[in-house]
Every structure is written in structure tokens, then in C-alpha cells.
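See structure below.
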Amino acid sequence: MIAYILRRIAQSVLVMLVVALVSFSLFRFVGDPVATMMGQEASQADRVALRERLGLNDPVVVQFAVFIGRAATGDFGISYRLQQPVMELILSRLPATLELALISGVLAFVLGVSLGVYTALNRRGWLSAAIMSTSLIGVSLPTFLIGVLLIWVFAVELQWLPSFGRGEVVTIGFWRTGLLTESGRASLVLPSITLGLYQMTLIMRLVRAEMLEVLRTDYIKFARARGLPNRAVHFGHALKNTMVPVITITGLQLGSIIAFAIITETVFQWPGVGALFINSVQFVDIPVMAAYLMLIALIFVVINLVVDLLYYAVDPRLRVDRANARH
Amino acid sequence: MTAPLLSVRDLKVTFPTRRGLLTALDGVSFDIAAGEVLGMVGESGAGKSLTGAAIIGLLEPPGRISGGEIRLKGERIDNLPPEAMRRVRGRRIGMVFQDPLTSLNPLYTVAQQIIETIRTHSDVSEAEARRKAIALLDRVGIPAAARRIDDYPHHFSGGMRQRVVIALALCVEPELVIADEPTTALDVSVQAQIIDLIKEICAERGASVLLITHDMGVIAETADRVAVLYAGRLAEIGPVRDVILNAEHPYTKGLMGSIPTLTQESDRLVQIPGAMPRLNAMPPGCAFNPRCAHAFDRCRSQRPDPIDRPGNRQVACWLHAPEAAHG
């Protein structure tokens with residue numbers, strides 16, 4: 001078990017190094033940072049001085065090592081555009097994105113699993129048919145269109161919910177949360193539905209397909225033959241087996257929810273890291289882009305690690321160290 | 001003679017399909033006395049497993065019992081509401097499936113599965129159920145049962161898993177055990193052990209057994225009586241010795257002739273020409289008539305019902321009709 005975790009962590013570190021290399025090359029290939037920072041009127045001497053100060057004259061390998069060393073301590077330099085430390089910028093924006101992603105993730109998972117189980121168990125019901133056809137909309141409509149439609153219906157026509165921003169926020173330590181105020185929660189509704197709808201339909205279809213598969217297995221038949229009540233068969237025996245692949249997909253989806261919150265954040269003017277990234281792209285603010293890239297990679301890697309460990313907890317067959325030669 | 005434990009009368013199972021109604025079991029009748037082992041043989045698709053599934057109330061939809069009745073100790077069980085039938089399953093009728101590798105839920109320990117089954121049907125404490133489970137595993141021949149009980153199914157070999165499956169089927173002491181090809185998926189060396197175990201443990205508890213198999217050898221060693229199914233109809237039923245040594249139905253004769261023996265002189269096995277008719281292409285009259293060497297006009301036009309024969313036997317063949325006039 002320990003060896004397995006260590007091996008997975010080593011792999012994760014390797015992935016992060018590769019991503020770091022990509023982020024690092026951003027600085028080198030997307031224009032000369034000195035030119036971007038100093039503007040037209042700077043003298044050649046100033047340029048040389050800055051070049052020296054930034055360490056741009058060192059060998060590439062040394063620069064990369066310095067970059068990684070700083071990144072490991074959370075130092076990604078100063079934003080060209082906002083003239084603030086990048087890490088500070090990201091940390092101040094991160095709570096908004098994480099709250100949004102978490103709410104949509106939970107929404108997608110809970111609704112996805114329950115609807116998936118319902119449609120699998122009531123395969124022939126008209127409600128299942130209706131849910132399945134509606135889910136096609138979720139799968140096929142692009143996120144921005146769903147967002148715009150929701151804004152049009154619930155914010156413009158019905159005027160039930162706000163159409164942009166986070167509402168009032170409360171600051172707890174460095175974390176600015178919108179979950180504690182009425183307007184904050186109201187502002188979360190439309191963006192989290194927009195962000196989570198695709199994931200929800202995906203999870204729902206996956207759960208349904210897996211569940212139908214599991215319900216056909218011998219051990220389910222045997223569980224019925226032993227007279228176990230439907231509840232125990234469906235939720236004890238079938239659902240647990242269904243969850244094994246669903247956990248993986250859901251974990252990966254949570255990563256994409258955070259990474260691709262960009263579109264939703266743009267549509268709803270949500271002050272998260274996605275919006276920060278979009279603005280940085282417009283201004284070629286490379287330190288922010290590099291840091292964002294690293295952050296998203298880190299989130300993916302961590303989620304993957306957690307998913308693998310969850311897998312391990314759910315499926316005893318993976319706990320090989322115990323199983324060896326026990327017959 | 002006392003009333004039989006299980007009494008099946010004119011059982012008819014049909015599957016509606018796009019091309020009309022398929023009759024998979026047609027007018028099957030037999031009894032199983034208390035403590036008796038009834039073997040059921042027939043080739044693949046003859047309806048053996050379907051008979052078992054119909055008795056325990058687990059026919060796969062859209063298949064359904066469309067005629068006849070099944071009585072357990074005189075009480076009809078084929079038309080019970082689902083919840084009542086569930087309480088019969090496991091509690092009064094246990095079932096052992098073909099493949100022990102897939103009959104157990106891989107995500108639960110053996111203890112969890114047995115204890116859950118015991119506690120579903122009887123009001124005992126967790127600790128009490130566990131004690132019973134260990135005793136039972138010990139009885140079915142799992143070495144170090146008290147320790148092995150907390151293992152997962154994948155920790156056991158195929159033969160051991162089938163022992164666990166038997167323990168599960170018997171854990172609430174059912175009056176009837178349906179064993180559906182219990183040894184087909186096992187190594188030859190383990191088959192005899194498992195068959196002996198089923199026979200012994202059921203004899204100990206006074207449970208009757210419906211042993212479904214296509215292995216005549218297993219029937220000969222284990223069963224008291226044997227029922228031969230052909231194309232969803234009962235061909236012959238009687239005490240196992242008489243049927244094997246002196247088969248009356250031409251199909252049974254053919255079956256017996258196809259068993260290799262050491263004393264046999266010819267080096268080719270006798271086989272029955274042709275194949276069993278498909279359910280949607282049943283010949284008029286006797287289902288076996290196209291392959292029967294003794295068929296005469298009546299066989300091609302009129303379907304034979306089981307005819308009582310001396311020695312507590314029945315055979316569905318016009319050759320044995322009292323008024324039989326050959327050709």
C-alpha cells in the first residue's frame with residue numbers, strides 16, 4: 001500500500017516537472033519579456049540591467065531550475081499587467097472558482113448518480129425516457145449557450161436570479177466566500193448549473209449504462225435468489241459495483257470543471273481564476289498564464305491521485321499485497 | 001404417499017418476441033418428494049435452467065409463466081406477489097448457480113454476504129449470524145473458516161468459491177435447493193467433491209434437491225430420480241437406475257448411447273442425428289419425431305402426453321401408449 005502510494009506520488013511529480021517545462025518555455029517563446037516589461041523608451045543599458053537582474057543571461061537549465069525552485073515555493077513572479085505577485089492574485093481569485101466548481105461538481109455527482117440509478121431501475125418508464133431525451137440536450141448544447149439561455153430565462157425574463165458577479169462575499173482568513181450570504185448563494189445558482197450540466201448528464205449516462213451492466217451479472221442474480229430485498233440488491237450490491245468506474249470519471253470531470261470554468265466565468269463575469277486567465281491572455285501576461293497552467297496541472301494530478309486511492313478503497317481486488325497466493 | 005415438497009403441474013413459460021410468442025417450456029409436470037434428489041437433464045436450450053428460474057421466481061423478463069402451477073408444500077408459489085416470493089427465495093428455496101467465479105459480489109467479504117443473507121431472513125444478532133456463518137463454512141469444507149470468512153471472494157479458488165456459494169444458498173436452511181449446473185465451471189477433480197457436498201449437506205438438513213445438469217454421470221451418482229427434458233417438454237421421468245439402464249423414450253436411449261464407456265467396442269460414439277428444433281420451428285406432434293428412428297404417423301400429428309408406466313415412471317412417447325399400434 002505504502003509502496004503504491006509512493007510510486008503514484010513519484011509519477012505525479014514527474015508529470016508536474018513536464019508541465020513546468022511547458023510553462024517555462026512560455027517565457028522563452030512568447031516574445032521577449034524584457035521588451036514587454038520596459039516598453040519602447042527604455043535605454044539599452046536599462047534593458048541589459050533588467051536582463052541581468054531577471055537572470056535571463058544564465059544558461060537555460062539554470063533558469064529552469066530557478067523557475068522550478070521558485071514555483072515550488074509558490075513564487076511565480078510579478079504579473080506584467082497588474083504589478084502584483086502572481087500567487088497573491090491567483091489565491092485571491094481561487095476561492096471563487098473552487099466554490100463554483102465544488103458546487104457544480106456536487107450537483108453533477110448527486111443528480112447524475114440518482115438520475116442514472118433511477119433510469120436504470122425504471123428502464124421502461126416514461127419518466128426515464130423523458131430524462132434520457134432531455135439529457136441529450138445537456139450533452140450536445142455548448143456551455144456558453146446554456147449559460148446565456150439560463151440568464152435570459154431566469155435573470156432577464158423571470159428576474160429570479162442575478163445574471164453576473166458573485167454577490168456579497170464574506171472574508172474568512174484569505175478565503176472570500178459567497179456561500180454565507182443570500183445574494184452570494186443566489187449568484188451561484190445559474191453558473192453552477194451551467195458548469196455542471198454537461199458533467200451531470202455525462203455521469204448520469206455512465207451510471208445508467210454501468211448499472212444496467214451490473215444488474216445483468218450473476219452475483220446480482222444470486223443476491224436475488226437469496227431473497228435479499230430489492231433495496232439491498234440495488235443499492236447495496238449493484239450500486240457499489242457501479243461506482244468503481246464512475247469514481248474515475250467523476251474525478252477527472254472535477255478536474256475539467258475547474259479547468260474549463262473559464263467559459264462559465266466569462267459568461268457570468270465570475271471573478272475567478274478562469275476570468276483572470278482570459279484577461280491575462282489578452283495582455284500576454286505570461287507569469288499569470290504559466291502559474292495558471294501549473295495550478296490546473298496540480299489540481300488534475302492531485303485529483304487523479306485521490307481517485308486512484310479511492311479506487312483502492314472501493315475495490316478489494318486491487319489490494320494485491322493481501323491476495324498473493326492465498327488459496 | 002405423502003404430499004410432495006414441490007409439485008410442478010403443466011408449467012408453461014413463454015417469451016413474447018417480435019415474431020410472436022415463443023413457448024420455451026410446455027406442459028412440464030413433475031414432483032419432488034421431501035429429501036429427494038431429482039436430476040434434470042437435457043441438452044442446451046431444452047429448458048432445464050428455465051425450469052429452475054421459474055420455480056424460484058427469477059425468470060428474466062419478458063419471459064413469464066403463462067400456464068400451469070407450482071406448489072411448495074401444497075401452497076401455490078407461482079402467482080405470489082413479488083414481496084412474498086422474495087421471502088420464499090433463500091428462506092425456503094435456495095439456489096446454487098453455475099459459475100462460482102461470478103456468483104459472488106467481488107466487493108464484499110464472504111462474511112458480509114452470508115451475514116446479510118442470514119439477517120435478511122431471520123431475526124438474529126450480527127454476532128449470532130457470524131457464528132452461524134463460520135459453522136456453515138466449516139461444514140462446507142473451508143479450512144480455517146473463522147479466519148477465511150473475512151476474505152474477499154477473489155481470495156478463494158474456484159472450488160472453494162463454489163463451497164462458499166453452497167454455504168450461501170443453504171444459510172437459512174431452505175427446504176429445496178436448486179443446483180443449476182453446479183459443477184460445469186469447475187475442474188474435473190473438484191466436481192465430484194462439490195456434488196458429494198451438495199448431496200450430503202442437503203441430506204443432513206432434509207432438503208430436497210433439483211439438480212440441473214447435462215452430465216449423466218453426475219445424475220447417475222447423485223439423483224434418486226431423473227427427468228429428461230427435450231425442447232421444453234418432459235420426455236421421460238423415473239427412478240434414475242431404471243431410466244439409465246432401461247430408457248423407454250427414444251431420446252433418452254440416444255442420450256444414454258452417447259455416453260462413452262470403457263467396454264464399448266466401436267470407436268465412434270453413437271449420436272442422435274439432427275439437432276433439437278428451434279422454439280419457433282417446433283414440428284407438429286412429438287418434438288422429437290424428426291430425429292426419431294421409431295417415429296410413425298401418430299408421432300407426426302399428435303403430441304404425446306406423459307404416460308404412466310410401471311415402476312413409478314412416466315414417458316411421453318406413443319411407442320408406450322396402451323393402445324399403441326405400431327405403424
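Ordering of the C-alpha cells sets the chain letters (A, B, ...), residue numbers begin anew at 1 in every chain, and ligands are numbered from 1 in the order given.
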**Study point:** At most 12 Å to chain B: residues in chain A, only C-alpha atoms, as a PyMOL selection string
**Key:** chain A and resi 124+214-233+236-244+311-327
Check your understanding: Near Pro239 of chain B, within 12 Å and counting only C-alpha atoms, which residues show up once chain neighbours fewer than 4 positions away are dropped, as a list in words?
Key -> Ile32, Glu36, Val37, Leu38, Gly39, Met40, Ile219, Ala220, Thr222, Ala223, Asp224, Arg225, Val226, Ala227, Val228, Val243, Ile244, Leu245, Asn246, Ala247, Arg309, Pro310, Gly311, Asn312, Arg313 and Gln314 of chain B
Run DSSP on the backbone and tell me which residues of segment 81-138 of chain B come out as helix (DSSP H, G or I); list them as a compact mmCIF listing (two decimals) with N, CA, C and O atoms, in the first residue's frame.
# COMPACT_ATOMS: atom_id res chain seq x y z
N PRO B 82 -44.62 -10.11 -5.56
CA PRO B 82 -43.15 -10.11 -5.54
C PRO B 82 -42.56 -10.16 -4.13
O PRO B 82 -41.61 -10.89 -3.88
N GLU B 83 -43.13 -9.39 -3.22
CA GLU B 83 -42.56 -9.32 -1.88
C GLU B 83 -42.67 -10.68 -1.16
O GLU B 83 -41.72 -11.14 -0.51
N ALA B 84 -43.81 -11.36 -1.33
CA ALA B 84 -43.98 -12.66 -0.71
C ALA B 84 -43.04 -13.68 -1.35
O ALA B 84 -42.47 -14.53 -0.67
N MET B 85 -42.89 -13.57 -2.67
CA MET B 85 -42.00 -14.50 -3.37
C MET B 85 -40.56 -14.29 -2.94
O MET B 85 -39.78 -15.23 -2.83
N ARG B 86 -40.21 -13.02 -2.68
CA ARG B 86 -38.84 -12.75 -2.22
C ARG B 86 -38.56 -13.48 -0.91
O ARG B 86 -37.45 -13.99 -0.71
N ARG B 87 -39.58 -13.52 -0.03
CA ARG B 87 -39.35 -14.19 1.24
C ARG B 87 -39.24 -15.70 1.09
O ARG B 87 -38.68 -16.38 1.93
N VAL B 88 -39.82 -16.24 -0.01
CA VAL B 88 -39.66 -17.67 -0.27
C VAL B 88 -38.23 -17.95 -0.74
O VAL B 88 -37.61 -18.93 -0.36
N PRO B 100 -19.06 -20.23 -10.03
CA PRO B 100 -18.74 -19.65 -8.72
C PRO B 100 -17.86 -18.42 -8.84
O PRO B 100 -17.79 -17.61 -7.93
N LEU B 101 -17.20 -18.26 -9.98
CA LEU B 101 -16.32 -17.11 -10.12
C LEU B 101 -17.11 -15.82 -10.27
O LEU B 101 -16.61 -14.75 -9.97
N THR B 102 -18.34 -15.91 -10.75
CA THR B 102 -19.12 -14.68 -10.94
C THR B 102 -20.33 -14.61 -10.02
O THR B 102 -21.08 -13.65 -10.07
N SER B 103 -20.56 -15.65 -9.20
CA SER B 103 -21.77 -15.65 -8.37
C SER B 103 -21.62 -14.82 -7.11
O SER B 103 -22.61 -14.51 -6.46
N VAL B 110 -16.83 -12.50 2.24
CA VAL B 110 -17.72 -13.64 2.38
C VAL B 110 -18.61 -13.45 3.62
O VAL B 110 -19.82 -13.69 3.58
N ALA B 111 -18.00 -12.98 4.70
CA ALA B 111 -18.77 -12.77 5.93
C ALA B 111 -19.93 -11.82 5.68
O ALA B 111 -21.07 -12.10 6.04
N GLN B 112 -19.64 -10.69 5.01
CA GLN B 112 -20.70 -9.70 4.78
C GLN B 112 -21.85 -10.32 3.99
O GLN B 112 -23.02 -10.08 4.30
N GLN B 113 -21.51 -11.14 2.98
CA GLN B 113 -22.57 -11.68 2.14
C GLN B 113 -23.39 -12.73 2.87
O GLN B 113 -24.61 -12.77 2.74
N ILE B 114 -22.73 -13.58 3.66
CA ILE B 114 -23.50 -14.60 4.38
C ILE B 114 -24.33 -13.96 5.49
O ILE B 114 -25.52 -14.25 5.64
N ILE B 115 -23.71 -13.08 6.24
CA ILE B 115 -24.42 -12.47 7.38
C ILE B 115 -25.62 -11.67 6.88
O ILE B 115 -26.71 -11.75 7.44
N GLU B 116 -25.42 -10.95 5.77
CA GLU B 116 -26.54 -10.18 5.22
C GLU B 116 -27.70 -11.12 4.88
O GLU B 116 -28.87 -10.82 5.18
N THR B 117 -27.38 -12.27 4.27
CA THR B 117 -28.44 -13.19 3.87
C THR B 117 -29.15 -13.77 5.10
O THR B 117 -30.37 -13.83 5.14
N ILE B 118 -28.36 -14.17 6.09
CA ILE B 118 -28.97 -14.74 7.30
C ILE B 118 -29.87 -13.71 7.96
O ILE B 118 -31.02 -14.01 8.33
N ARG B 119 -29.38 -12.49 8.08
CA ARG B 119 -30.15 -11.48 8.81
C ARG B 119 -31.34 -10.96 8.01
O ARG B 119 -32.25 -10.38 8.58
N THR B 120 -31.31 -11.17 6.68
CA THR B 120 -32.49 -10.80 5.90
C THR B 120 -33.66 -11.71 6.25
O THR B 120 -34.81 -11.27 6.29
N HIS B 121 -33.35 -12.97 6.52
CA HIS B 121 -34.43 -13.94 6.68
C HIS B 121 -34.73 -14.31 8.13
O HIS B 121 -35.78 -14.86 8.42
N GLU B 126 -25.96 -9.72 14.79
CA GLU B 126 -24.79 -9.78 13.92
C GLU B 126 -23.83 -10.88 14.38
O GLU B 126 -23.36 -11.70 13.59
N ALA B 127 -23.56 -10.91 15.70
CA ALA B 127 -22.60 -11.88 16.24
C ALA B 127 -23.12 -13.30 16.06
O ALA B 127 -22.37 -14.20 15.67
N GLU B 128 -24.42 -13.49 16.31
CA GLU B 128 -25.02 -14.80 16.16
C GLU B 128 -24.94 -15.26 14.70
O GLU B 128 -24.56 -16.40 14.40
N ALA B 129 -25.27 -14.34 13.78
CA ALA B 129 -25.21 -14.67 12.35
C ALA B 129 -23.79 -15.04 11.96
O ALA B 129 -23.56 -15.96 11.17
N ARG B 130 -22.84 -14.34 12.52
CA ARG B 130 -21.44 -14.61 12.21
C ARG B 130 -21.03 -16.00 12.69
O ARG B 130 -20.36 -16.74 11.98
N ARG B 131 -21.48 -16.33 13.91
CA ARG B 131 -21.18 -17.68 14.42
C ARG B 131 -21.76 -18.73 13.49
O ARG B 131 -21.11 -19.72 13.14
N LYS B 132 -23.01 -18.52 13.10
CA LYS B 132 -23.66 -19.48 12.18
C LYS B 132 -22.88 -19.58 10.87
O LYS B 132 -22.67 -20.67 10.35
N ALA B 133 -22.46 -18.43 10.37
CA ALA B 133 -21.76 -18.40 9.09
C ALA B 133 -20.45 -19.18 9.17
O ALA B 133 -20.12 -19.96 8.27
N ILE B 134 -19.72 -19.00 10.27
CA ILE B 134 -18.44 -19.71 10.42
C ILE B 134 -18.69 -21.21 10.50
O ILE B 134 -18.01 -22.01 9.84
N ALA B 135 -19.70 -21.61 11.27
CA ALA B 135 -20.01 -23.03 11.40
C ALA B 135 -20.35 -23.62 10.04
O ALA B 135 -19.92 -24.72 9.68
N LEU B 136 -21.11 -22.84 9.26
CA LEU B 136 -21.54 -23.31 7.95
C LEU B 136 -20.35 -23.43 6.99
O LEU B 136 -20.22 -24.43 6.27
N LEU B 137 -19.48 -22.45 7.00
CA LEU B 137 -18.30 -22.50 6.13
C LEU B 137 -17.43 -23.69 6.51
O LEU B 137 -16.87 -24.38 5.66
N ASP B 138 -17.35 -23.93 7.81
CA ASP B 138 -16.60 -25.07 8.28
C ASP B 138 -17.24 -26.35 7.74
O ASP B 138 -16.56 -27.24 7.24
Point to revise | Pick from B:Gly232, B:Gly42, B:Pro306, B:Gly238 nearest to Asp215 of chain B, counting only C-alpha atoms | key: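 Closest to Asp215 of chain B, using only C-alpha atoms: B:Gly42.
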Practice item. Using atom CA of Leu158 of chain A and atom CA of Ile263 of chain A as the two end points, give the distance in Å to one decimal. Key: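 Between atom CA of Leu158 of chain A and atom CA of Ile263 of chain A the gap is 23.6 Å.
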